file model_10.txt (compact mmCIF, C-alpha atoms)
# COMPACT_ATOMS: atom_id res chain seq x y z
CA MET A 19 -3.71 4.61 5.83
CA SER A 20 -3.81 2.84 9.15
CA ILE A 21 -6.43 3.05 11.87
CA PRO A 22 -5.39 3.58 15.54
CA GLN A 23 -3.33 0.63 16.70
CA SER A 24 -3.74 -1.59 19.75
CA GLY A 25 -0.19 -2.52 20.59
CA GLY A 26 -0.34 -2.90 24.36
CA GLY A 27 0.49 -1.24 27.67
CA PRO A 28 3.22 1.08 28.96
CA ILE A 29 6.74 0.91 27.56
CA GLU A 30 8.96 0.20 30.53
CA SER A 31 12.10 -0.88 28.69
CA PHE A 32 13.73 0.18 25.43
CA ASP A 33 14.01 -3.50 24.53
CA GLN A 34 10.22 -3.71 24.22
CA LEU A 35 10.34 -1.84 20.91
CA ALA A 36 12.26 -4.57 19.10
CA ALA A 37 10.43 -7.23 21.09
CA PHE A 38 7.17 -5.85 19.72
CA MET A 39 8.36 -6.67 16.20
CA GLU A 40 9.78 -10.01 17.30
CA SER A 41 6.37 -10.95 18.69
CA GLY A 42 5.23 -11.24 15.08
CA CYS A 43 7.42 -14.30 14.46
CA LYS A 44 5.31 -17.34 13.56
CA PRO A 45 5.99 -20.93 12.51
CA LYS A 46 5.39 -21.55 8.82
CA SER A 47 2.21 -23.46 9.60
CA ASP A 48 0.72 -20.21 10.90
CA TRP A 49 1.75 -17.94 8.01
CA ARG A 50 -1.18 -16.10 6.51
CA ILE A 51 -1.98 -13.56 3.77
CA GLY A 52 -3.56 -10.13 4.20
CA THR A 53 -4.35 -8.06 1.10
CA GLU A 54 -5.34 -4.39 1.00
CA HIS A 55 -6.48 -2.37 -1.97
CA GLU A 56 -7.67 1.20 -2.51
CA LYS A 57 -10.01 2.42 -5.24
CA PHE A 58 -11.46 5.73 -6.38
CA GLY A 59 -15.19 6.32 -6.17
CA TYR A 60 -16.81 8.83 -8.53
CA LEU A 61 -20.21 10.07 -9.69
CA THR A 62 -20.87 8.43 -13.05
CA ASP A 63 -22.74 11.38 -14.59
CA SER A 64 -20.25 14.13 -13.72
CA ARG A 65 -17.10 12.01 -13.21
CA GLN A 66 -16.43 14.01 -10.06
CA PRO A 67 -14.86 12.35 -7.00
CA LEU A 68 -17.27 10.76 -4.56
CA PRO A 69 -18.07 13.13 -1.65
CA TYR A 70 -18.18 12.07 1.97
CA ALA A 71 -21.77 13.21 2.69
CA GLY A 72 -25.02 13.45 0.73
CA GLU A 73 -27.50 11.25 -1.09
CA ARG A 74 -24.78 9.94 -3.43
CA SER A 75 -21.79 9.61 -1.15
CA ILE A 76 -19.45 7.51 0.93
CA SER A 77 -21.82 7.93 3.89
CA ALA A 78 -24.68 6.51 1.83
CA LEU A 79 -22.57 3.49 0.92
CA PHE A 80 -21.58 2.99 4.56
CA ALA A 81 -25.25 3.07 5.57
CA GLY A 82 -26.06 0.42 2.99
CA LEU A 83 -23.13 -1.77 4.00
CA GLU A 84 -24.42 -1.68 7.58
CA SER A 85 -28.13 -2.24 6.89
CA ARG A 86 -27.91 -4.72 4.02
CA PHE A 87 -24.66 -6.59 4.54
CA GLY A 88 -23.99 -6.56 8.28
CA TRP A 89 -20.91 -4.35 8.43
CA ALA A 90 -20.40 -2.52 11.76
CA PRO A 91 -19.52 1.19 11.66
CA VAL A 92 -16.30 2.67 13.02
CA ARG A 93 -16.72 6.26 14.22
CA GLU A 94 -14.47 9.20 14.93
CA GLY A 95 -15.92 12.40 16.36
CA GLY A 96 -19.44 11.30 15.46
CA ASN A 97 -18.60 10.52 11.83
CA VAL A 98 -18.52 7.03 10.37
CA ILE A 99 -15.00 6.62 8.98
CA GLY A 100 -14.94 2.88 8.35
CA MET A 101 -16.64 -0.47 8.65
CA THR A 102 -15.68 -3.86 10.12
CA ARG A 103 -16.93 -7.41 9.61
CA ASN A 104 -15.44 -10.84 10.29
CA GLY A 105 -11.84 -9.66 10.57
CA ALA A 106 -11.97 -7.36 7.54
CA ASN A 107 -12.31 -3.60 7.54
CA ILE A 108 -13.20 -0.87 5.09
CA SER A 109 -11.47 2.44 5.69
CA LEU A 110 -11.04 5.78 3.97
CA GLU A 111 -7.91 7.33 2.56
CA PRO A 112 -7.62 11.13 2.82
CA GLY A 113 -9.35 11.88 -0.49
CA GLY A 114 -12.09 9.31 0.01
CA GLN A 115 -10.30 6.38 -1.59
CA PHE A 116 -12.31 3.33 -0.52
CA GLU A 117 -9.96 0.75 1.00
CA LEU A 118 -10.64 -2.89 1.78
CA SER A 119 -8.23 -4.42 4.27
CA GLY A 120 -9.17 -8.03 3.90
CA ALA A 121 -9.35 -10.58 6.66
CA VAL A 122 -6.26 -12.69 7.18
CA VAL A 123 -6.58 -15.81 5.03
CA ALA A 124 -4.65 -19.05 4.58
CA ASP A 125 -4.64 -19.16 0.78
CA LEU A 126 -5.20 -17.05 -2.30
CA LYS A 127 -8.52 -18.68 -3.20
CA ALA A 128 -10.03 -17.40 0.05
CA GLY A 129 -8.69 -13.95 -0.75
CA GLU A 130 -10.26 -14.11 -4.22
CA ALA A 131 -13.66 -15.00 -2.74
CA GLU A 132 -13.45 -12.11 -0.30
CA LEU A 133 -12.44 -9.63 -3.01
CA TYR A 134 -15.28 -10.53 -5.37
CA ASN A 135 -17.83 -10.58 -2.55
CA HIS A 136 -16.70 -7.09 -1.51
CA LEU A 137 -16.82 -5.72 -5.06
CA ASP A 138 -20.27 -7.25 -5.55
CA GLU A 139 -21.64 -5.71 -2.35
CA VAL A 140 -20.24 -2.30 -3.18
CA ARG A 141 -21.50 -2.46 -6.77
CA ARG A 142 -25.04 -3.40 -5.66
CA LEU A 143 -25.14 -0.31 -3.48
CA ALA A 144 -23.28 2.03 -5.81
CA GLU A 145 -24.91 1.44 -9.21
CA PRO A 146 -28.46 2.55 -8.22
CA LEU A 147 -26.91 5.76 -6.85
CA GLY A 148 -24.95 6.49 -10.00
CA ILE A 149 -21.63 5.76 -8.32
CA GLY A 150 -18.73 3.96 -9.94
CA PHE A 151 -15.33 2.75 -8.78
CA MET A 152 -12.08 2.45 -10.69
CA GLY A 153 -8.85 0.59 -9.99
CA ILE A 154 -6.01 2.85 -11.08
CA GLY A 155 -2.81 4.11 -9.48
CA ALA A 156 -3.49 7.86 -9.65
CA ALA A 157 -6.52 10.06 -10.27
CA PRO A 158 -6.41 10.72 -14.01
CA GLU A 159 -8.16 14.11 -14.12
CA TRP A 160 -9.00 15.56 -10.71
CA SER A 161 -7.09 18.49 -9.26
CA HIS A 162 -6.19 18.72 -5.60
CA ALA A 163 -8.87 21.38 -5.10
CA GLU A 164 -11.55 18.98 -6.37
CA MET A 165 -10.78 16.26 -3.86
CA PRO A 166 -13.05 15.78 -0.84
CA VAL A 167 -11.45 15.75 2.60
CA MET A 168 -12.32 12.92 4.95
CA PRO A 169 -13.28 13.79 8.56
CA LYS A 170 -10.28 12.09 10.18
CA GLY A 171 -8.00 13.92 12.60
CA ARG A 172 -4.94 11.98 11.49
CA TYR A 173 -5.32 13.29 7.96
CA ARG A 174 -5.72 16.92 8.98
CA LEU A 175 -2.38 16.77 10.77
CA MET A 176 -0.67 14.90 7.94
CA THR A 177 -1.95 17.30 5.29
CA ASP A 178 -0.40 20.25 7.10
CA TYR A 179 2.91 18.45 7.55
CA MET A 180 3.04 17.11 3.99
CA GLY A 181 2.68 20.66 2.75
CA ARG A 182 5.95 21.54 4.46
CA VAL A 183 8.16 18.57 3.53
CA GLY A 184 8.91 17.22 0.07
CA THR A 185 6.86 18.32 -2.91
CA HIS A 186 4.35 15.54 -3.60
CA GLY A 187 2.97 14.53 -0.21
CA THR A 188 -0.58 15.76 -0.64
CA GLN A 189 -0.73 14.17 -4.11
CA MET A 190 0.04 10.82 -2.47
CA MET A 191 -2.59 11.32 0.23
CA TYR A 192 -5.48 12.47 -1.90
CA ARG A 193 -4.91 11.22 -5.44
CA THR A 194 -3.24 7.80 -5.45
CA CYS A 195 -4.35 4.21 -4.92
CA THR A 196 -2.27 1.13 -4.21
CA VAL A 197 -2.61 -2.59 -3.60
CA GLN A 198 -0.39 -4.32 -1.05
CA VAL A 199 -0.01 -7.64 0.70
CA ASN A 200 1.05 -8.32 4.27
CA LEU A 201 3.06 -11.48 4.91
CA ASP A 202 4.51 -13.24 7.94
CA TYR A 203 8.05 -14.13 8.96
CA ALA A 204 9.37 -16.95 11.12
CA SER A 205 12.35 -15.30 12.81
CA GLU A 206 14.57 -12.25 12.73
CA ALA A 207 16.79 -13.88 10.10
CA ASP A 208 13.73 -14.72 8.01
CA MET A 209 12.50 -11.14 8.30
CA VAL A 210 15.89 -9.83 7.17
CA LYS A 211 16.01 -11.99 4.04
CA LYS A 212 12.39 -11.29 3.15
CA MET A 213 12.86 -7.54 3.62
CA ARG A 214 15.95 -7.50 1.43
CA VAL A 215 14.24 -9.44 -1.35
CA ALA A 216 11.09 -7.32 -0.97
CA LEU A 217 12.96 -4.02 -1.19
CA ALA A 218 15.16 -5.10 -4.09
CA LEU A 219 12.18 -6.34 -6.12
CA GLN A 220 9.77 -3.48 -5.41
CA PRO A 221 10.84 -1.81 -8.70
CA VAL A 222 9.77 -4.99 -10.48
CA ALA A 223 6.38 -4.84 -8.76
CA THR A 224 6.09 -1.15 -9.67
CA ALA A 225 6.74 -1.97 -13.32
CA LEU A 226 4.47 -5.04 -13.49
CA PHE A 227 1.54 -3.23 -11.87
CA ALA A 228 2.08 0.24 -13.39
CA SER A 229 -1.33 1.84 -14.02
CA SER A 230 -0.99 5.60 -13.55
CA PRO A 231 0.13 7.24 -16.82
CA PHE A 232 -2.37 10.12 -16.53
CA PHE A 233 -2.58 12.97 -14.03
CA GLU A 234 -4.48 16.25 -13.99
CA GLY A 235 -6.02 15.51 -17.36
CA LYS A 236 -2.93 14.72 -19.38
CA VAL A 237 -0.21 12.17 -20.03
CA ASN A 238 2.37 12.56 -17.27
CA GLY A 239 5.41 10.91 -18.88
CA HIS A 240 5.47 8.01 -16.39
CA ARG A 241 4.02 4.52 -16.37
CA SER A 242 3.53 4.86 -12.60
CA TRP A 243 2.97 8.42 -11.47
CA ARG A 244 2.06 7.01 -8.06
CA SER A 245 5.62 5.70 -7.74
CA ARG A 246 6.99 9.04 -8.99
CA ILE A 247 5.10 10.80 -6.19
CA TRP A 248 6.76 8.63 -3.55
CA ARG A 249 10.20 9.74 -4.71
CA ASP A 250 9.62 13.35 -3.60
CA LEU A 251 7.50 13.06 -0.52
CA ASP A 252 9.34 12.96 2.80
CA ALA A 253 12.85 11.54 2.58
CA SER A 254 12.99 10.88 6.33
CA ARG A 255 10.29 8.21 6.17
CA THR A 256 10.27 6.82 2.61
CA GLY A 257 12.54 5.03 0.16
CA MET A 258 14.49 1.85 -0.39
CA LEU A 259 16.18 1.61 3.06
CA PRO A 260 19.81 1.03 2.05
CA PHE A 261 20.66 0.17 5.68
CA ALA A 262 18.55 -2.98 5.37
CA PHE A 263 21.31 -4.49 3.20
CA GLU A 264 24.10 -3.71 5.66
CA ASP A 265 25.62 -6.20 8.10
CA GLY A 266 23.80 -6.18 11.41
CA PHE A 267 20.37 -5.35 10.04
CA GLY A 268 17.57 -6.76 12.18
CA PHE A 269 14.73 -5.73 14.45
CA GLN A 270 16.85 -3.29 16.48
CA ARG A 271 18.32 -1.54 13.45
CA TYR A 272 14.83 -1.03 12.04
CA VAL A 273 13.68 0.31 15.41
CA ASP A 274 16.56 2.80 15.43
CA TRP A 275 15.49 4.11 12.04
CA VAL A 276 11.83 4.45 13.03
CA LEU A 277 12.82 6.28 16.22
CA ASP A 278 14.63 8.88 14.14
CA VAL A 279 11.57 9.57 11.97
CA PRO A 280 9.72 12.69 13.19
CA MET A 281 6.35 12.03 14.76
CA TYR A 282 2.95 13.04 13.41
CA PHE A 283 0.62 12.60 16.38
CA VAL A 284 -0.36 10.83 19.59
CA TYR A 285 -3.81 9.25 19.79
CA ARG A 286 -5.67 9.81 23.05
CA ASP A 287 -9.35 9.39 23.97
CA GLY A 288 -10.53 9.29 20.38
CA LYS A 289 -8.53 12.36 19.32
CA TYR A 290 -5.25 12.96 17.48
CA ILE A 291 -2.90 15.24 19.40
CA ASN A 292 -0.51 17.27 17.25
CA ALA A 293 3.08 16.06 17.71
CA LEU A 294 4.32 17.09 14.26
CA GLY A 295 8.10 16.97 13.98
CA GLN A 296 8.58 15.83 17.58
CA SER A 297 10.79 12.90 18.62
CA PHE A 298 9.66 9.49 19.84
CA ARG A 299 13.00 9.29 21.64
CA ASP A 300 11.92 12.29 23.70
CA PHE A 301 8.57 10.60 24.26
CA LEU A 302 10.37 7.59 25.76
CA LYS A 303 12.04 9.96 28.22
CA GLY A 304 8.77 11.67 29.14
CA GLU A 305 9.87 14.84 27.37
CA LEU A 306 7.44 15.03 24.45
CA PRO A 307 6.27 18.65 24.13
CA ALA A 308 2.80 17.48 23.09
CA LEU A 309 2.36 15.44 26.30
CA PRO A 310 4.89 16.69 28.86
CA GLY A 311 5.72 14.17 31.56
CA GLU A 312 3.83 11.34 29.87
CA LYS A 313 5.56 8.24 28.52
CA PRO A 314 4.32 6.14 25.58
CA THR A 315 2.53 2.83 25.43
CA LEU A 316 3.15 0.07 22.94
CA SER A 317 0.00 1.29 21.18
CA ASP A 318 1.75 4.64 20.65
CA TRP A 319 4.75 2.81 19.23
CA ALA A 320 2.50 0.77 16.92
CA ASP A 321 0.88 4.02 15.76
CA HIS A 322 4.26 5.64 15.10
CA MET A 323 5.35 2.61 13.07
CA THR A 324 2.42 3.27 10.71
CA THR A 325 3.81 6.73 9.89
CA VAL A 326 6.89 5.45 8.07
CA PHE A 327 6.36 4.64 4.39
CA PRO A 328 9.31 2.76 2.86
CA GLU A 329 8.82 0.59 -0.20
CA ALA A 330 8.54 -2.41 2.13
CA ARG A 331 7.58 -1.91 5.77
CA VAL A 332 7.98 -4.04 8.88
CA LYS A 333 5.48 -4.16 11.71
CA ARG A 334 4.68 -7.56 13.15
CA TYR A 335 4.60 -8.65 9.52
CA ILE A 336 6.03 -7.27 6.26
CA GLU A 337 4.05 -5.03 3.92
CA MET A 338 4.83 -5.00 0.18
CA ARG A 339 4.03 -1.43 -0.85
CA GLY A 340 5.35 -0.81 -4.38
CA ALA A 341 2.35 -1.48 -6.66
CA ASP A 342 -0.35 0.66 -8.26
CA CYS A 343 -3.90 -0.58 -7.87
CA GLY A 344 -5.44 -2.00 -11.02
CA ASP A 345 -8.23 -4.27 -12.17
CA ALA A 346 -9.47 -7.21 -10.11
CA ALA A 347 -7.08 -9.64 -11.79
CA HIS A 348 -4.12 -7.47 -10.83
CA ILE A 349 -5.42 -7.02 -7.28
CA GLN A 350 -5.31 -10.82 -6.98
CA ALA A 351 -1.96 -11.09 -8.77
CA LEU A 352 -0.15 -8.88 -6.25
CA PRO A 353 -0.50 -11.24 -3.24
CA ALA A 354 0.15 -14.20 -5.54
CA PHE A 355 3.42 -12.70 -6.76
CA TRP A 356 4.78 -12.14 -3.25
CA VAL A 357 3.43 -15.32 -1.65
CA GLY A 358 5.12 -17.32 -4.37
CA LEU A 359 8.43 -15.59 -3.69
CA MET A 360 8.29 -15.44 0.11
CA TYR A 361 6.57 -18.57 1.41
CA ASP A 362 8.85 -21.23 -0.11
CA GLN A 363 12.37 -21.31 1.35
CA THR A 364 14.07 -22.62 -1.78
CA VAL A 365 12.40 -19.94 -3.89
CA LEU A 366 13.19 -17.20 -1.35
CA ASP A 367 16.85 -18.24 -1.40
CA ALA A 368 16.82 -18.16 -5.20
CA ALA A 369 15.18 -14.72 -5.18
CA TRP A 370 17.93 -13.45 -2.90
CA ASP A 371 20.53 -14.90 -5.26
CA LEU A 372 18.80 -12.97 -8.04
CA VAL A 373 19.15 -9.57 -6.34
CA LYS A 374 21.99 -9.81 -3.84
CA GLY A 375 24.52 -8.43 -6.32
CA LEU A 376 22.59 -5.19 -6.83
CA ASP A 377 24.13 -2.19 -5.08
CA ALA A 378 22.16 0.66 -3.54
CA GLU A 379 22.66 2.90 -6.57
CA THR A 380 21.29 0.26 -8.92
CA ARG A 381 18.32 -0.50 -6.68
CA GLU A 382 17.42 3.19 -6.55
CA GLY A 383 18.02 3.55 -10.27
CA LEU A 384 15.63 0.69 -10.96
CA ARG A 385 13.05 2.33 -8.74
CA VAL A 386 13.23 5.50 -10.83
CA ALA A 387 13.29 3.61 -14.13
CA ALA A 388 10.25 1.54 -13.15
CA SER A 389 8.18 4.63 -12.46
CA VAL A 390 9.16 6.28 -15.75
CA GLU A 391 9.50 3.46 -18.27
CA GLY A 392 7.83 0.50 -16.61
CA MET A 393 8.98 -2.81 -18.07
CA ALA A 394 11.37 -1.05 -20.46
CA GLY A 395 13.36 0.49 -17.60
CA ARG A 396 16.95 -0.32 -16.81
CA ALA A 397 19.69 0.84 -14.45
CA GLY A 398 23.26 -0.20 -13.71
CA GLY A 399 23.24 -2.57 -16.66
CA VAL A 400 20.16 -4.39 -15.29
CA ARG A 401 16.94 -4.57 -17.29
CA ILE A 402 13.68 -4.59 -15.34
CA SER A 403 12.19 -6.95 -17.93
CA ASP A 404 14.88 -9.55 -17.17
CA LEU A 405 14.39 -9.25 -13.42
CA ALA A 406 10.62 -9.45 -13.84
CA ARG A 407 10.81 -12.56 -16.01
CA ALA A 408 13.00 -14.32 -13.46
CA ALA A 409 10.93 -13.16 -10.48
CA VAL A 410 7.61 -14.24 -12.00
CA ALA A 411 9.07 -17.65 -12.87
CA LEU A 412 10.29 -18.05 -9.30
CA SER A 413 6.90 -17.02 -7.97
CA GLN A 414 5.23 -19.60 -10.20
CA ALA A 415 7.51 -22.26 -8.75
CA GLY A 416 6.78 -21.15 -5.21
CA LEU A 417 3.03 -21.24 -5.76
CA ALA A 418 3.25 -24.63 -7.49
CA GLY A 419 5.02 -25.96 -4.41
CA ARG A 420 1.99 -25.04 -2.29
CA GLY A 421 -0.06 -27.51 -4.35
CA LEU A 422 -3.19 -25.36 -4.39
CA GLY A 423 -3.34 -24.37 -8.05
CA GLU A 424 -2.60 -20.75 -7.15
CA GLU A 425 -0.30 -20.20 -10.14
CA ARG A 426 -3.33 -19.09 -12.17
CA TYR A 427 -3.44 -15.82 -10.27
CA LEU A 428 -0.17 -14.82 -11.92
CA ALA A 429 -1.72 -14.84 -15.43
CA PRO A 430 -1.71 -11.03 -15.85
CA LEU A 431 1.95 -10.87 -14.88
CA VAL A 432 2.93 -13.73 -17.17
CA GLU A 433 1.27 -11.83 -20.04
CA THR A 434 3.11 -8.64 -19.11
CA VAL A 435 6.46 -10.44 -18.95
CA GLU A 436 5.83 -12.00 -22.37
CA THR A 437 4.63 -8.81 -24.09
CA GLY A 438 6.26 -6.02 -22.08
CA VAL A 439 2.85 -4.33 -21.99
CA THR A 440 1.45 -3.10 -18.67
CA GLN A 441 -1.98 -1.68 -17.81
CA ALA A 442 -0.44 1.79 -18.26
CA ASP A 443 0.86 0.89 -21.73
CA ARG A 444 -2.54 -0.44 -22.83
CA TRP A 445 -4.32 2.71 -21.68
CA LEU A 446 -1.76 4.98 -23.34
CA SER A 447 -2.21 3.09 -26.60
CA LEU A 448 -6.00 3.42 -26.37
CA TYR A 449 -5.75 7.11 -25.46
CA ARG A 450 -3.56 7.84 -28.50
CA GLY A 451 -5.62 5.62 -30.79
CA GLU A 452 -9.19 4.47 -30.29
CA TRP A 453 -10.04 7.10 -27.66
CA GLY A 454 -8.81 9.96 -29.84
CA GLY A 455 -7.32 11.75 -26.83
CA GLU A 456 -10.59 11.61 -24.85
CA LEU A 457 -9.37 10.80 -21.33
CA GLY A 458 -12.91 10.40 -20.02
CA ARG A 459 -12.86 6.89 -21.50
CA ILE A 460 -10.50 5.84 -18.70
CA TYR A 461 -13.34 5.68 -16.15
CA GLU A 462 -14.99 2.79 -17.97
CA ALA A 463 -11.67 1.17 -18.87
CA ALA A 464 -10.53 1.13 -15.24
CA SER A 465 -13.93 0.22 -13.80
CA LEU A 466 -14.02 -2.30 -10.96

call {"tool": "encode", "arguments": {"input": "model_10.txt", "output": "structure tokens"}}
result
Amino acid sequence: MSIPQSGGGPIESFDQLAAFMESGCKPKSDWRIGTEHEKFGYLTDSRQPLPYAGERSISALFAGLESRFGWAPVREGGNVIGMTRNGANISLEPGGQFELSGAVVADLKAGEAELYNHLDEVRRLAEPLGIGFMGIGAAPEWSHAEMPVMPKGRYRLMTDYMGRVGTHGTQMMYRTCTVQVNLDYASEADMVKKMRVALALQPVATALFASSPFFEGKVNGHRSWRSRIWRDLDASRTGMLPFAFEDGFGFQRYVDWVLDVPMYFVYRDGKYINALGQSFRDFLKGELPALPGEKPTLSDWADHMTTVFPEARVKRYIEMRGADCGDAAHIQALPAFWVGLMYDQTVLDAAWDLVKGLDAETREGLRVAASVEGMAGRAGGVRISDLARAAVALSQAGLAGRGLGEERYLAPLVETVETGVTQADRWLSLYRGEWGGELGRIYEAASL
């Protein structure tokens, strides 16, 4: 989940909303990579989720990160809710999921170094306290009642709202983990093509990275339960964005959609003001019930843009949001997969050729099939395994063109394409075989 945004001053013209997105356009020489991943912390002796406070807790880890490794605390209402250092930040998801939002880097090797340094620092603090971390898409055993609640005002508001829309919103907030990459675009036309390719291939990413076959102590019938959750959350702010494939899609059309998504909050003076269900269009007119007579700033707009959750999201960059978190190799493979597809024009054009014939029904069908069957899924006569094979090959070509030897980061995906076996499939096989139905073995298997 996002931290409060710093978008800028007062909104004086409606055109500023699209211009805010357009300000993200960069020449190719300035394109960068930003990877984020979430992981579950737990107490190794009891296998219970890691609490916020106490001797063995998130707060204890934060204290160690500050004193031993030079991270600076981020506070809300007197509580430390995150850490920052050298352009990176560590933040908390609603159920205490520990998230690293890495610094913006120029290549995948730099991202790899940052990831392993982070995991090493956390491990050195966690192991003496009897704390472990696992990379997995959904909490395999914990119930909602067992999850800790982080002291963040944004999450209190969202929890209440999620309980009233959809059916799976609080599951997403408290019991799922993802990995995503944020990538740049050069122009509006470049954004449009990248968004279309990103949305159309999110089911492939869901299948390749599927790692959540267990939930509430049992097999859930899906390779990616995390993806299943997103299908019944809040239809107004999630999904595959069919309008992105229509003529005329661009910054303004995306703005129009975001404006129609009900608000969650307004952030003022370190506090989240309840604006649940209210309209940003009314805010622009100075008619927001939560702040009567007050008009928004670009920071408010940037905040509101973080409360929409489609499979690929535009801010001043594009976020690829369709993958479960997994082991360290898969955390590295996710940015590699998308950089290979998005940062070489010839490859991007070929990727669009690969998916441009898919209609909205097929794209949505593939999304469902990926969550249920993973690599074996199909819809509209299209097999996910075929799309994945072609997409991974294109990504390899795109990375090879960068001349940095980054193709090696795709190794887990190449293996999955060749075998059809995902992380979820491996764990299901172990659970039904070697583990003898003992799901507690997953904590070690998914250890980071």

call {"tool": "closest_atom_pairs", "arguments": {"input": "model_10.txt", "of": "range 326-378 of chain A", "to": "range 200-223 of chain A", "cutoff": "7 Å", "atoms": "all atoms listed in the file", "output": "CSV"}}
result
residue,atom,partner,partner_atom,distance
A:Glu329,CA,A:Leu217,CA,6.3
A:Ala330,CA,A:Leu217,CA,5.8
A:Tyr335,CA,A:Asp202,CA,4.9
A:Ile336,CA,A:Leu201,CA,5.3
A:Glu337,CA,A:Asn200,CA,4.5
A:Met338,CA,A:Asn200,CA,6.5
A:Gly340,CA,A:Gln220,CA,5.3
A:Ala341,CA,A:Ala223,CA,5.7
A:Met360,CA,A:Lys212,CA,6.6
A:Ala369,CA,A:Val215,CA,6.6
A:Trp370,CA,A:Val215,CA,5.7
A:Val373,CA,A:Ala218,CA,6.4

call {"tool": "residues_around", "arguments": {"input": "model_10.txt", "residues": "range 396-401 of chain A", "least_positions_apart": "3", "cutoff": "7 Å", "atoms": "all atoms listed in the file", "output": "PDB file with C-alpha atoms, in the frame of the given file"}}
result
ATOM      1  CA  THR A 380      21.290   0.260  -8.920  1.00  0.00           C
ATOM      2  CA  GLY A 383      18.020   3.550 -10.270  1.00  0.00           C
ATOM      3  CA  LEU A 384      15.630   0.690 -10.960  1.00  0.00           C
ATOM      4  CA  ALA A 387      13.290   3.610 -14.130  1.00  0.00           C
ATOM      5  CA  ASP A 404      14.880  -9.550 -17.170  1.00  0.00           C
ATOM      6  CA  LEU A 405      14.390  -9.250 -13.420  1.00  0.00           C
TER       7      LEU A 405
END

call {"tool": "residues_near_point", "arguments": {"input": "model_10.txt", "point": "(6.3, 16.2, 29.1)", "cutoff": "12 Å", "atoms": "only C-alpha atoms", "output": "NGL selection string"}}
result
:A and (293 or 296-298 or 300-314)

call {"tool": "residues_near_point", "arguments": {"input": "model_10.txt", "point": "(12.4, 7.2, 9.1)", "cutoff": "10 Å", "atoms": "all atoms listed in the file", "output": "ChimeraX atom specification"}}
result
/A:252-257,259,272-281,323,325-328

call {"tool": "closest_residue", "arguments": {"input": "model_10.txt", "among": "A:Lys374, A:Leu147, A:Asp138, A:Ala121", "to": "Arg74 in chain A", "atoms": "only C-alpha atoms"}}
result
A:Leu147

call {"tool": "residues_around", "arguments": {"input": "model_10.txt", "residues": "Arg172 in chain A", "least_positions_apart": "3", "cutoff": "7 Å", "atoms": "only C-alpha atoms", "output": "number ranges by chain"}}
result
A: 175-176, 290

call {"tool": "atom_distance", "arguments": {"input": "model_10.txt", "atom1": "CA of Gly52 in chain A", "atom2": "CA of Arg334 in chain A"}}
result
12.4 Å

call {"tool": "closest_residue", "arguments": {"input": "model_10.txt", "among": "A:Pro146, A:Gly358, A:Gly239, A:Gln198", "to": "Gly421 in chain A", "atoms": "all atoms listed in the file"}}
result
A:Gly358

call {"tool": "residues_around", "arguments": {"input": "model_10.txt", "residues": "Arg246 in chain A", "least_positions_apart": "2", "cutoff": "9 Å", "atoms": "all atoms listed in the file", "output": "short mmCIF file (atom, residue, chain, number, x, y, z; two decimals) with C-alpha atoms, in the frame of the given file"}}
result
data_model
loop_
_atom_site.label_atom_id
_atom_site.label_comp_id
_atom_site.auth_asym_id
_atom_site.auth_seq_id
_atom_site.Cartn_x
_atom_site.Cartn_y
_atom_site.Cartn_z
CA HIS A 186 4.35 15.54 -3.60
CA HIS A 240 5.47 8.01 -16.39
CA SER A 242 3.53 4.86 -12.60
CA TRP A 243 2.97 8.42 -11.47
CA ARG A 244 2.06 7.01 -8.06
CA TRP A 248 6.76 8.63 -3.55
CA ARG A 249 10.20 9.74 -4.71
CA ASP A 250 9.62 13.35 -3.60
CA VAL A 386 13.23 5.50 -10.83
CA SER A 389 8.18 4.63 -12.46
CA VAL A 390 9.16 6.28 -15.75
#

call {"tool": "closest_atom_pairs", "arguments": {"input": "model_10.txt", "of": "range 337-403 of chain A", "to": "range 435-456 of chain A", "cutoff": "9 Å", "atoms": "only C-alpha atoms", "output": "tab-separated table"}}
result
residue	atom	partner	partner_atom	distance
A:Gly344	CA	A:Gln441	CA	7.6
A:Asp345	CA	A:Gln441	CA	8.8
A:Gly392	CA	A:Thr440	CA	7.6
A:Met393	CA	A:Gly438	CA	5.8
A:Ala394	CA	A:Gly438	CA	7.3
A:Ser403	CA	A:Val435	CA	6.8

call {"tool": "closest_residue", "arguments": {"input": "model_10.txt", "among": "A:Leu110, A:Leu251, A:Ser47, A:Leu61", "to": "Arg182 in chain A", "atoms": "all atoms listed in the file"}}
result
A:Leu251

call {"tool": "closest_residue", "arguments": {"input": "model_10.txt", "among": "A:Val284, A:Ala106, A:Ile99, A:Arg174", "to": "Leu316 in chain A", "atoms": "all atoms listed in the file"}}
result
A:Val284

call {"tool": "closest_residue", "arguments": {"input": "model_10.txt", "among": "A:Leu422, A:Val357, A:Met101, A:Ala228", "to": "Val410 in chain A", "atoms": "only C-alpha atoms"}}
result
A:Val357

call {"tool": "residues_around", "arguments": {"input": "model_10.txt", "residues": "Ala429 in chain A", "least_positions_apart": "5", "cutoff": "10 Å", "atoms": "only C-alpha atoms", "output": "VMD selection string"}}
result
chain A and resid 347 to 348 351 410 414 434 to 435
